[in-house]
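Source file: my_file-v2.cif; contents: mmCIF, C-alpha atoms (C1' of nucleotides).
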data_final
loop_
_atom_site.label_atom_id
_atom_site.label_comp_id
_atom_site.auth_asym_id
_atom_site.auth_seq_id
_atom_site.Cartn_x
_atom_site.Cartn_y
_atom_site.Cartn_z
CA MET H 1 89.75 129.44 83.38
CA ALA H 2 86.50 130.94 84.45
CA ALA H 3 85.56 131.35 88.05
CA GLU H 4 84.02 128.39 89.73
CA PHE H 5 80.33 128.64 90.42
CA SER H 6 77.91 126.72 92.57
CA ARG H 7 76.68 123.40 91.35
CA ARG H 8 73.28 124.87 90.61
CA THR H 9 74.79 127.69 88.60
CA GLU H 10 77.02 125.35 86.63
CA SER H 11 73.98 123.30 85.83
CA LEU H 12 72.08 126.33 84.58
CA LEU H 13 75.10 127.44 82.58
CA HIS H 14 75.28 124.06 80.95
CA ARG H 15 71.67 124.46 80.01
CA ALA H 16 72.28 127.95 78.66
CA GLU H 17 75.11 126.64 76.52
CA ALA H 18 72.79 124.10 74.97
CA ILE H 19 70.15 126.76 74.31
CA CYS H 20 72.60 129.12 72.66
CA GLU H 21 74.18 126.42 70.59
CA HIS H 22 70.77 125.37 69.40
CA ARG H 23 70.00 128.92 68.38
CA GLY H 24 73.32 129.55 66.75
CA ALA H 25 74.09 132.17 69.37
CA ASN H 26 77.62 132.42 70.62
CA LEU H 27 77.86 132.10 74.40
CA THR H 28 81.46 133.16 74.65
CA GLU H 29 83.70 132.79 77.67
CA LEU H 30 82.99 136.40 78.63
CA ARG H 31 79.24 136.01 78.30
CA ARG H 32 79.25 132.73 80.14
CA HIS H 33 81.29 134.28 82.92
CA VAL H 34 78.93 137.22 83.35
CA LEU H 35 75.86 135.00 83.24
CA GLY H 36 77.45 132.78 85.85
CA MET H 37 78.06 135.73 88.18
CA ILE H 38 74.45 136.82 87.84
CA LEU H 39 73.03 133.35 88.38
CA ASP H 40 75.31 132.75 91.30
CA SER H 41 74.21 135.85 93.13
CA ALA H 42 71.51 135.74 95.76
CA SER H 43 70.24 139.16 94.76
CA PRO H 44 70.09 141.37 91.67
CA THR H 45 73.50 142.49 90.55
CA GLY H 46 74.41 145.93 89.25
CA ALA H 47 76.39 146.44 86.08
CA TYR H 48 79.32 148.06 87.82
CA GLU H 49 79.48 145.38 90.44
CA LEU H 50 79.77 142.84 87.64
CA LEU H 51 82.43 145.03 86.10
CA ASP H 52 84.47 145.12 89.29
CA ARG H 53 84.37 141.38 89.59
CA LEU H 54 85.20 140.90 85.94
CA ARG H 55 88.30 143.00 86.39
CA ALA H 56 89.72 140.49 88.81
CA THR H 57 90.44 138.21 85.87
CA ARG H 58 90.02 140.45 82.85
CA ARG H 59 92.32 143.39 82.76
CA GLY H 60 90.72 145.54 80.07
CA ALA H 61 87.13 145.31 81.22
CA ALA H 62 85.22 148.57 80.87
CA PRO H 63 81.56 149.61 81.03
CA PRO H 64 80.83 148.67 77.41
CA THR H 65 82.25 145.21 78.06
CA VAL H 66 79.60 144.60 80.62
CA TYR H 67 76.70 146.40 78.99
CA ARG H 68 77.20 144.65 75.68
CA THR H 69 77.32 141.35 77.43
CA LEU H 70 74.14 142.15 79.33
CA ASP H 71 72.43 143.15 76.08
CA PHE H 72 73.27 139.77 74.63
CA LEU H 73 71.98 137.91 77.68
CA LEU H 74 68.79 139.99 77.69
CA GLU H 75 68.22 139.27 74.02
CA GLN H 76 68.63 135.58 74.65
CA GLY H 77 66.18 135.78 77.51
CA LEU H 78 68.75 134.43 79.93
CA ILE H 79 68.46 137.34 82.34
CA HIS H 80 66.03 140.09 83.25
CA ARG H 81 66.65 143.68 84.05
CA VAL H 82 64.96 144.91 87.20
CA GLU H 83 64.29 148.53 86.29
CA ARG H 84 63.53 149.59 89.79
CA LEU H 85 66.98 148.54 90.94
CA SER H 86 68.99 149.14 87.78
CA ALA H 87 70.20 145.62 88.26
CA PHE H 88 70.04 142.23 86.64
CA VAL H 89 68.83 138.81 87.67
CA GLY H 90 68.93 135.42 86.07
CA CYS H 91 65.80 134.31 84.29
CA VAL H 92 64.80 130.97 85.63
CA ALA H 93 62.54 130.24 82.70
CA GLY H 94 65.19 131.35 80.18
CA CYS H 95 67.77 129.02 81.64
CA THR H 96 65.54 125.99 81.92
CA VAL H 97 63.34 126.26 78.87
CA ASP H 98 63.53 123.60 76.26
CA PRO H 99 66.17 124.61 73.71
CA ASP H 100 63.62 124.26 70.96
CA GLY H 101 61.69 127.21 72.34
CA GLU H 102 62.12 130.08 69.94
CA SER H 103 60.72 132.88 72.04
CA HIS H 104 63.63 134.70 73.60
CA THR H 105 61.47 136.76 75.90
CA HIS H 106 58.56 136.00 78.10
CA ALA H 107 56.24 137.85 80.39
CA ALA H 108 57.28 138.11 83.99
CA GLN H 109 56.76 140.29 87.00
CA PHE H 110 58.94 140.94 89.98
CA LEU H 111 58.08 141.21 93.61
CA ILE H 112 60.64 143.38 95.31
CA CYS H 113 60.82 143.47 99.06
CA ARG H 114 61.03 147.09 100.18
CA LYS H 115 62.85 146.08 103.34
CA CYS H 116 65.44 143.53 102.33
CA GLY H 117 65.65 144.07 98.59
CA ARG H 118 65.11 140.44 97.75
CA VAL H 119 63.48 139.81 94.43
CA VAL H 120 61.19 137.00 93.43
CA GLU H 121 60.37 136.41 89.82
CA MET H 122 56.81 135.46 89.15
CA GLN H 123 54.90 134.53 86.08
CA ASP H 124 51.23 135.01 86.52
CA HIS H 125 49.16 134.44 83.49
CA ASP H 126 46.32 136.50 84.88
CA VAL H 127 48.53 139.53 85.25
CA SER H 128 50.00 139.08 81.81
CA SER H 129 46.65 138.74 80.14
CA VAL H 130 45.15 141.74 81.85
CA LEU H 131 48.14 143.79 80.77
CA ALA H 132 47.70 142.52 77.24
CA ARG H 133 44.33 144.22 76.93
CA MET C 134 54.92 184.91 88.60
CA ALA C 135 54.91 181.26 87.69
CA ALA C 136 54.70 180.08 84.12
CA GLU C 137 51.29 179.89 82.60
CA PHE C 138 49.91 176.41 82.16
CA SER C 139 47.01 174.95 80.24
CA ARG C 140 43.56 175.36 81.66
CA ARG C 141 43.48 171.68 82.57
CA THR C 142 46.78 171.91 84.38
CA GLU C 143 45.74 175.02 86.28
CA SER C 144 42.64 173.20 87.36
CA LEU C 145 44.64 170.23 88.62
CA LEU C 146 47.06 172.56 90.37
CA HIS C 147 44.19 174.24 92.11
CA ARG C 148 43.05 170.85 93.27
CA ALA C 149 46.55 169.96 94.46
CA GLU C 150 46.68 173.18 96.46
CA ALA C 151 43.51 172.22 98.24
CA ILE C 152 44.80 168.74 98.97
CA CYS C 153 48.08 170.01 100.38
CA GLU C 154 46.45 172.69 102.45
CA HIS C 155 44.12 170.10 103.88
CA ARG C 156 47.06 167.92 104.83
CA GLY C 157 49.13 170.73 106.22
CA ALA C 158 51.67 170.19 103.46
CA ASN C 159 53.33 173.22 101.97
CA LEU C 160 52.91 173.42 98.21
CA THR C 161 55.41 176.19 97.68
CA GLU C 162 55.85 178.23 94.54
CA LEU C 163 58.74 175.99 93.48
CA ARG C 164 56.80 172.80 94.07
CA ARG C 165 53.75 174.13 92.34
CA HIS C 166 55.84 175.17 89.37
CA VAL C 167 57.46 171.75 89.00
CA LEU C 168 54.14 169.96 89.39
CA GLY C 169 52.69 172.24 86.75
CA MET C 170 55.45 171.41 84.29
CA ILE C 171 54.91 167.70 84.82
CA LEU C 172 51.14 167.89 84.51
CA ASP C 173 51.41 170.10 81.46
CA SER C 174 53.61 167.67 79.59
CA ALA C 175 52.22 165.15 77.16
CA SER C 176 54.82 162.57 78.14
CA PRO C 177 56.93 161.64 81.15
CA THR C 178 59.46 164.27 81.99
CA GLY C 179 63.03 163.67 83.11
CA ALA C 180 64.52 165.36 86.14
CA TYR C 181 67.15 167.22 84.14
CA GLU C 182 64.63 168.40 81.61
CA LEU C 183 62.64 169.89 84.46
CA LEU C 184 65.85 171.41 85.75
CA ASP C 185 66.63 173.06 82.42
CA ARG C 186 63.20 174.58 82.25
CA LEU C 187 63.33 175.70 85.87
CA ARG C 188 66.52 177.56 85.15
CA ALA C 189 64.72 179.83 82.73
CA THR C 190 63.14 181.56 85.68
CA ARG C 191 65.16 180.38 88.65
CA ARG C 192 68.80 181.21 88.50
CA GLY C 193 70.22 178.96 91.21
CA ALA C 194 68.39 175.76 90.29
CA ALA C 195 70.54 172.63 90.66
CA PRO C 196 69.88 168.88 90.71
CA PRO C 197 68.96 168.80 94.39
CA THR C 198 66.42 171.54 93.79
CA VAL C 199 64.55 169.31 91.42
CA TYR C 200 65.02 165.98 93.18
CA ARG C 201 63.88 167.33 96.50
CA THR C 202 60.83 168.79 94.88
CA LEU C 203 60.08 165.49 93.16
CA ASP C 204 60.44 163.67 96.48
CA PHE C 205 57.85 165.94 97.98
CA LEU C 206 55.43 165.45 95.08
CA LEU C 207 55.94 161.68 95.21
CA GLU C 208 55.26 161.63 98.95
CA GLN C 209 52.08 163.57 98.42
CA GLY C 210 51.02 161.15 95.71
CA LEU C 211 50.78 163.95 93.18
CA ILE C 212 53.12 162.32 90.68
CA HIS C 213 54.51 158.90 89.83
CA ARG C 214 57.96 157.89 88.88
CA VAL C 215 58.15 155.69 85.80
CA GLU C 216 61.17 153.55 86.61
CA ARG C 217 61.59 152.25 83.14
CA LEU C 218 62.08 155.77 81.82
CA SER C 219 63.65 157.46 84.82
CA ALA C 220 60.98 160.06 84.39
CA PHE C 221 57.97 161.45 86.12
CA VAL C 222 54.29 161.81 85.29
CA GLY C 223 51.37 163.43 86.99
CA CYS C 224 49.14 161.16 89.01
CA VAL C 225 45.62 161.65 87.86
CA ALA C 226 44.20 160.04 90.96
CA GLY C 227 46.46 162.02 93.26
CA CYS C 228 45.40 165.31 91.72
CA THR C 229 41.71 164.57 91.68
CA VAL C 230 41.20 162.61 94.84
CA ASP C 231 39.03 164.03 97.54
CA PRO C 232 41.19 166.07 99.90
CA ASP C 233 39.91 164.03 102.81
CA GLY C 234 41.66 160.96 101.43
CA GLU C 235 44.57 160.18 103.68
CA SER C 236 46.36 157.64 101.55
CA HIS C 237 49.16 159.39 99.71
CA THR C 238 49.95 156.46 97.48
CA HIS C 239 47.87 154.08 95.45
CA ALA C 240 48.39 151.11 93.23
CA ALA C 241 48.89 151.80 89.57
CA GLN C 242 50.48 150.32 86.52
CA PHE C 243 51.82 151.93 83.40
CA LEU C 244 51.51 150.92 79.83
CA ILE C 245 54.47 152.24 77.92
CA CYS C 246 54.44 152.23 74.15
CA ARG C 247 57.73 150.84 72.90
CA LYS C 248 57.44 152.83 69.70
CA CYS C 249 56.30 156.28 70.67
CA GLY C 250 57.07 156.34 74.38
CA ARG C 251 53.60 157.44 75.37
CA VAL C 252 52.53 156.33 78.78
CA VAL C 253 49.06 155.54 80.00
CA GLU C 254 48.38 155.17 83.66
CA MET C 255 46.02 152.38 84.51
CA GLN C 256 44.53 151.17 87.71
CA ASP C 257 43.34 147.66 87.40
CA HIS C 258 42.07 146.13 90.54
CA ASP C 259 42.61 142.63 89.21
CA VAL C 260 46.28 143.28 88.65
CA SER C 261 46.68 144.91 92.03
CA SER C 262 44.99 142.10 93.86
CA VAL C 263 46.96 139.39 92.11
CA LEU C 264 50.14 141.22 93.00
CA ALA C 265 48.97 141.47 96.57
CA ARG C 266 49.09 137.71 96.98
"C1'" DG Y 267 96.67 131.21 51.14
"C1'" DC Y 268 94.25 135.33 51.35
"C1'" DC Y 269 90.62 138.55 51.04
"C1'" DG Y 270 86.24 140.40 52.71
"C1'" DG Y 271 82.67 140.57 55.82
"C1'" DA Y 272 80.60 139.54 60.25
"C1'" DT Y 273 81.05 139.14 65.06
"C1'" DA Y 274 83.25 140.09 69.42
"C1'" DT Y 275 85.97 142.79 72.27
"C1'" DG Y 276 89.19 146.75 73.63
"C1'" DT Y 277 89.68 151.62 74.67
"C1'" DA Y 278 88.73 156.51 75.64
"C1'" DA Y 279 85.67 159.85 76.36
"C1'" DT Y 280 81.41 161.55 77.74
"C1'" DA Y 281 76.32 161.82 78.76
"C1'" DC Y 282 72.76 161.10 81.86
"C1'" DT Y 283 70.70 160.21 86.52
"C1'" DA Y 284 70.94 160.88 91.44
"C1'" DT Y 285 72.74 161.87 96.09
"C1'" DA Y 286 75.84 163.72 99.91
"C1'" DA Y 287 77.26 167.31 102.69
"C1'" DC Y 288 77.19 171.59 104.26
"C1'" DA Y 289 75.46 176.64 103.99
"C1'" DT Y 290 71.79 180.09 104.05
"C1'" DA Y 291 67.32 182.14 104.82
"C1'" DG Y 292 62.83 182.77 106.75
"C1'" DG Y 293 58.97 181.70 109.90
"C1'" DC Y 294 57.30 180.90 114.33
"C1'" DG Y 295 56.81 179.68 119.27
"C1'" DG Y 296 58.76 180.61 123.61
"C1'" DC G 297 66.07 187.55 120.88
"C1'" DC G 298 66.85 182.67 120.64
"C1'" DG G 299 66.40 178.16 119.03
"C1'" DC G 300 64.25 175.06 116.14
"C1'" DC G 301 62.15 173.58 111.92
"C1'" DT G 302 61.37 173.75 107.08
"C1'" DA G 303 62.74 175.04 102.54
"C1'" DT G 304 66.16 176.13 99.43
"C1'" DG G 305 71.02 177.28 97.74
"C1'" DT G 306 75.61 175.60 96.54
"C1'" DT G 307 79.40 172.57 95.54
"C1'" DA G 308 81.01 168.33 94.77
"C1'" DT G 309 80.73 163.66 93.70
"C1'" DA G 310 78.67 158.98 93.04
"C1'" DG G 311 76.33 155.79 90.13
"C1'" DT G 312 74.41 154.24 85.62
"C1'" DA G 313 74.80 153.99 80.64
"C1'" DT G 314 76.13 155.15 75.85
"C1'" DT G 315 78.89 156.85 71.76
"C1'" DA G 316 82.54 156.41 68.73
"C1'" DC G 317 86.23 154.44 67.03
"C1'" DA G 318 90.07 150.78 67.13
"C1'" DT G 319 91.49 145.99 67.16
"C1'" DA G 320 91.17 141.14 66.78
"C1'" DT G 321 89.33 136.77 65.40
"C1'" DC G 322 86.75 133.59 62.83
"C1'" DC G 323 85.00 131.71 58.75
"C1'" DG G 324 83.46 131.19 53.93
"C1'" DG G 325 84.53 131.82 49.16
"C1'" DC G 326 87.77 132.39 45.75
#

Would you mind writing the file out in structure tokens?
Amino acid sequence: MAAEFSRRTESLLHRAEAICEHRGANLTELRRHVLGMILDSASPTGAYELLDRLRATRRGAAPPTVYRTLDFLLEQGLIHRVERLSAFVGCVAGCTVDPDGESHTHAAQFLICRKCGRVVEMQDHDVSSVLAR
Amino acid sequence: MAAEFSRRTESLLHRAEAICEHRGANLTELRRHVLGMILDSASPTGAYELLDRLRATRRGAAPPTVYRTLDFLLEQGLIHRVERLSAFVGCVAGCTVDPDGESHTHAAQFLICRKCGRVVEMQDHDVSSVLAR
DNA sequence: GCCGGATATGTAATACTATAACATAGGCGG
DNA sequence: CCGCCTATGTTATAGTATTACATATCCGGC
């Protein structure tokens, strides 16, 4: 049904399924598909790019389709929004955390390369704690 | 001619004039007016809000009018863009720095209140240096 | 079985943010 | 006066996100 993703992505998706099931959250086909596209991408993905790709297999897709799905994934801590780029990236921690973890969000920072646009997610406790003050 | 601003804002504007003159940058009436509106505001100001207010006194104002002006102010380090809000705030450091300072940008972080939207600019050397790694 | 509510998605329209492309105007050095 | 540079005007359009309402599906209780 859904598009085929890389082995790594499929593995993370499997993990995400377990997390959602554990939480009673419903990782539907649509949500799984969008999460897979984000995880599979080498760089942050814009909402309308996701929309275009969705449309290949989902005729009625429209902006709300994608934004609602992104809201769900953000709530579940499975992706992050990179404000600077108006784009979305998979959350490594969110997709690998133990399903028992209740916290759906966590502190993170992004390093964005001004030249190539690549993004690295970092979690630095020092930064987080200074910000907490 | 230009709108009247608070005493504090006028003082910062005066400072900005000196900085620009020192650099050979041209702080025109339009640019001064926009900077004044931003400095005078208690919270970050959106580009189209600035545009609306500009139009009160400037008939032909259009989006490029405002965005080009913001680009100039950003380059001069006189304001910051708050990505999260797609809005702009005055840069305290930029408007108070010694005119001899050459660096037009500096490291800063923002604390944004999720409830009231107020923004506080902070400059924490610890955060900056951790990010530098 | 069916009713009611909750969740998920479809659909149309529109709001908000930002940039592209080309035109005009004024200053200033040669 | 000419040519260039900077600043701004003007029109159009691209890109990002939300509102509002309609439809469908599932599931629990009766």

Checklist entry - Hey, can you check how far CA of Thr202 (chain C) sits from C1' of DA281 (chain Y)? => result 23.4 Å

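Checking H:Val82, H:Val34, H:Ala87, H:Leu12 one by one against Thr65 (chain H), counting all atoms listed in the file, you find the shortest gap at H:Val34.
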
Item to check | Resolved residues for the PyMOL selection byres ((chain G) within 12 of (chain H)) as a ChimeraX atom specification | outcome: /G:311-316

Checklist entry - Within 10 Å of DA303 (chain G), counting all atoms listed in the file, which residues qualify if same-chain residues fewer than 3 places away don't, as number ranges by chain? => result C: 159, 161, 163, 201; Y: 291-292

Item to check | Matched chain/residue IDs from the PyMOL selection byres ((chain Y) within 10 of (chain H)), as a list in words | outcome: DT273, DA274, DT275, DG276 and DT277 of chain Y

Item to check | Coordinates-based distance that separates CA of Gly157 (chain C) from CA of Leu211 (chain C) (Å, one decimal) | outcome: 14.8 Å
